[in-house]
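Asks: Below: one structure in structure tokens.
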Amino acid sequence: MATQTDQTGPKPLLGEPRDAGRQSLVYLFLLVPMAALVAAVPLAWATGLLSWTDIALTLAFYVLTCHGVTVGYHRLFTHGSFKPNRPVKIALAILGGMAVQGPLISWVADHRRHHAFSDKEGDPHSPWLYGTSAWALTKGFWHAHMGWMFEPRNTTNEERFAPDLLKDPDLVRVDRLFWLWTILTFLLPAVLGGLVTMSWTGALTAFFWASLVRVSALHHATWSTNSVCHMIGARPFKSRDKAANFWPLALVSGGESWHNSHHADQSCARHGVKRGQIDTSARLIWLLEKAGWATNVKWPAPERLAKLAVERHGASA
Ligand SMILES: [Zn+2]
Ligand SMILES: [Zn+2]
């Protein structure tokens, strides 16, 4: 773990530690949805309390908030892969907030720090932190997947890593209203479920599936990019770290599991750069561009990809 006195930049690397109150909120919003996720399958099996309304709401909120993170938080706000108009910018920031992965600016700061120190000291969530033995990698997997968020001192200095976002009043406002997006993301599915079925049971099962289970399922999809996709998969492109392309997660991660390609060419709007590599986030950016709502899209350039390609396309752990 990096120290407060890291010398590689003009400003300190880390932000203020989270106080006990904030840290308990992290536990609450990570662990309660996860308990629902663990309980979900046997519960549905035993009770049959899963309706088509629940499935539709779960999928809809998953797709919306997933792309809020992948297209908004990640490709737009962290890496500047395209330029949106103002309504799209605000909508993406809100949808990303509704994924309950933290306020926009701290998410972006953490992720930029991840790229700056990828798999080296200073990376907020590298699975290689403890070494390469089986036990070190087990600990590393836990740390990269979710353990890093349970370390109150492992926060990122927003002024150093996200000064551009701090200068945008729209984004600062959306960031400060994170509490509201959190309430909405848990409440809306329940309200919709109740209205569609006109029953309290409908509201309750929608809350369970489309709020709790959905939030946790997306948490794990996103966290897998930090853990699994820095451990196993193919590495067809040169990058300075262990980032890998892990195809089984492509669909659930909105195309973010083409993580080796992403680390090799960070601001590229498409991560699944090869034919057949599913990348729904790139498709959404393409649609925004077609609608005239996004411009300056950084699409992959064949010459650049050829330069980044490693000679032998190897899949290694
Ligand atoms: Zn990464
Ligand atoms: Zn990135």
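Chain labels A, B, ... are given in the sequence in which chains occur in the structure tokens; within each chain residues are numbered consecutively from 1, and ligands are likewise numbered from 1 in the order shown.
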List every residue of chain A that has an atom at most 7 Å from any atom of ligand 2, and for each one report the closest atom pair and its distance in Å to one decimal, counting only C-alpha atoms and all ligand atoms, with rows sorted by chain and then by increasing residue number, as CSV.
Replies:
```
residue,atom,partner,partner_atom_place_in_ligand_line,distance
A:His74,CA,ligand 2,1 (Zn),6.0
A:Arg75,CA,ligand 2,1 (Zn),7.0
A:Thr78,CA,ligand 2,1 (Zn),6.8
A:His79,CA,ligand 2,1 (Zn),6.6
A:His111,CA,ligand 2,1 (Zn),6.3
A:His115,CA,ligand 2,1 (Zn),6.5
A:His262,CA,ligand 2,1 (Zn),6.5
A:His263,CA,ligand 2,1 (Zn),6.7
A:Gln266,CA,ligand 2,1 (Zn),6.0
```
Asks: Write out, as a compact mmCIF listing (two decimals), in the first residue's frame, the residues just selected, with N, CA and C atoms.
Replies:
```txt
# COMPACT_ATOMS: atom_id res chain seq x y z
N HIS A 74 -16.75 5.32 -16.24
CA HIS A 74 -15.47 4.80 -16.71
C HIS A 74 -15.02 5.45 -18.03
N ARG A 75 -15.72 5.14 -19.13
CA ARG A 75 -15.17 5.55 -20.43
C ARG A 75 -15.23 7.07 -20.63
N THR A 78 -13.71 9.02 -16.55
CA THR A 78 -12.33 8.68 -16.20
C THR A 78 -11.40 8.90 -17.39
N HIS A 79 -11.84 8.43 -18.57
CA HIS A 79 -10.89 8.35 -19.69
C HIS A 79 -11.20 9.32 -20.85
N HIS A 111 -10.06 5.18 -9.87
CA HIS A 111 -9.77 4.44 -11.11
C HIS A 111 -8.58 5.04 -11.87
N HIS A 115 -4.98 3.16 -12.87
CA HIS A 115 -4.23 3.16 -14.15
C HIS A 115 -2.82 3.73 -13.96
N HIS A 262 -8.19 -2.61 -22.90
CA HIS A 262 -8.43 -1.30 -22.27
C HIS A 262 -7.17 -0.72 -21.66
N HIS A 263 -6.40 -1.54 -20.94
CA HIS A 263 -5.18 -1.00 -20.34
C HIS A 263 -4.15 -0.62 -21.40
N GLN A 266 -6.10 3.17 -23.23
CA GLN A 266 -7.05 3.51 -22.18
C GLN A 266 -8.20 4.41 -22.58
```
Asks: May I ask you to write as a list in words all residues lying at most 8 Å from ligand 1, with only C-alpha atoms and all ligand atoms counted?
Replies: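 Using only C-alpha atoms and all ligand atoms, everything at most 8 Å from ligand 1 comes to His114, His115, Ser118, Thr225, Asn226, Cys229, His230, Ala243, His259, Asn260, His262 and His263 of chain A.
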Asks: Generate a file of the selected residues that holds C-alpha atoms, formatted as a PDB file, in the first residue's frame.
Replies:
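Resulting contents of again.pdb:
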```
ATOM      1  CA  HIS A 114      -5.439   2.357 -10.615  1.00  0.00           C
ATOM      2  CA  HIS A 115      -4.228   3.163 -14.145  1.00  0.00           C
ATOM      3  CA  SER A 118      -1.492  -0.471 -12.237  1.00  0.00           C
ATOM      4  CA  THR A 225     -12.803  -6.443 -13.671  1.00  0.00           C
ATOM      5  CA  ASN A 226     -10.432  -5.419 -10.877  1.00  0.00           C
ATOM      6  CA  CYS A 229      -9.384  -9.463 -15.179  1.00  0.00           C
ATOM      7  CA  HIS A 230      -6.035  -8.670 -13.542  1.00  0.00           C
ATOM      8  CA  ALA A 243      -4.627  -6.762 -17.188  1.00  0.00           C
ATOM      9  CA  HIS A 259      -9.473  -5.367 -19.859  1.00  0.00           C
ATOM     10  CA  ASN A 260      -6.099  -6.017 -21.489  1.00  0.00           C
ATOM     11  CA  HIS A 262      -8.434  -1.299 -22.272  1.00  0.00           C
ATOM     12  CA  HIS A 263      -5.179  -1.000 -20.335  1.00  0.00           C
TER      13      HIS A 263
END
```
Asks: Smallest atom-to-atom distance to A:Arg240: which of A:Phe29, A:Glu158, A:Phe117, A:Leu184, using only C-alpha atoms?
Replies: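 Looking only at the distances to A:Arg240, the closest residue turns out to be A:Phe117.
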Asks: Between A:Ala221, A:Lys139, A:Thr185, A:Ala35, which residue has the minimum interatomic distance to A:Leu95, considering only C-alpha atoms?
Replies: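 Selected residue with least distance to A:Leu95: A:Thr185.
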Asks: Pull the closest atom pair for each residue of stretch 149-231 of chain A that gets at most 12 Å from stretch 18-23 of chain A, along with the distance in Å to one decimal, counting only C-alpha atoms, ordering rows by chain and then ascending residue number, as a tab-separated table.
Replies:
```
residue	atom	partner	partner_atom	distance
A:Met149	CA	A:Gln23	CA	8.7
A:Phe150	CA	A:Gln23	CA	7.3
A:Glu151	CA	A:Gln23	CA	8.4
A:Pro152	CA	A:Arg18	CA	4.9
A:Arg153	CA	A:Arg18	CA	6.6
A:Asn154	CA	A:Arg18	CA	8.5
A:Thr155	CA	A:Arg18	CA	7.6
A:Thr156	CA	A:Arg18	CA	10.7
A:Trp179	CA	A:Arg22	CA	11.7
```
Asks: Restrict the selected residues to N, CA and C atoms and save them as a JSON list (two decimals), in the first residue's frame.
Replies:
```json
[["chain", "number", "residue", "atom", "x", "y", "z"],
["A", 149, "MET", "N", -12.02, -1.80, -0.40],
["A", 149, "MET", "CA", -12.98, -0.78, 0.03],
["A", 149, "MET", "C", -13.22, -0.82, 1.53],
["A", 150, "PHE", "N", -12.78, -1.90, 2.17],
["A", 150, "PHE", "CA", -12.93, -2.01, 3.61],
["A", 150, "PHE", "C", -11.73, -1.42, 4.35],
["A", 151, "GLU", "N", -10.81, -0.81, 3.60],
["A", 151, "GLU", "CA", -9.65, -0.18, 4.24],
["A", 151, "GLU", "C", -9.88, 1.33, 4.26],
["A", 152, "PRO", "N", -10.22, 1.89, 5.44],
["A", 152, "PRO", "CA", -10.60, 3.30, 5.50],
["A", 152, "PRO", "C", -9.52, 4.25, 4.99],
["A", 153, "ARG", "N", -8.25, 3.83, 5.03],
["A", 153, "ARG", "CA", -7.19, 4.74, 4.59],
["A", 153, "ARG", "C", -6.94, 4.65, 3.09],
["A", 154, "ASN", "N", -7.54, 3.66, 2.44],
["A", 154, "ASN", "CA", -7.31, 3.46, 1.01],
["A", 154, "ASN", "C", -8.28, 4.33, 0.20],
["A", 155, "THR", "N", -8.10, 5.64, 0.29],
["A", 155, "THR", "CA", -8.92, 6.57, -0.50],
["A", 155, "THR", "C", -7.98, 7.37, -1.38],
["A", 156, "THR", "N", -8.53, 8.02, -2.40],
["A", 156, "THR", "CA", -7.68, 8.70, -3.37],
["A", 156, "THR", "C", -7.86, 10.21, -3.29],
["A", 179, "TRP", "N", -26.20, 10.41, -2.15],
["A", 179, "TRP", "CA", -27.17, 9.83, -1.22],
["A", 179, "TRP", "C", -28.55, 9.71, -1.87]]
```
Asks: Set the distance at 8 Å and use only C-alpha atoms: which residues neighbour stretch 193-205 of chain A once local chain neighbours fewer than 4 positions away are removed? I'd like the list as JSON, numbers by chain.
Replies: {"A": [49, 50, 53, 54, 57, 189, 209]}
Asks: Can you list, as a PyMOL selection string, every residue of stretch 102-315 of chain A that DSSP puts in strand (DSSP E or B)?
Replies: chain A and resi 156+234+237+245+258+294-295+309+315
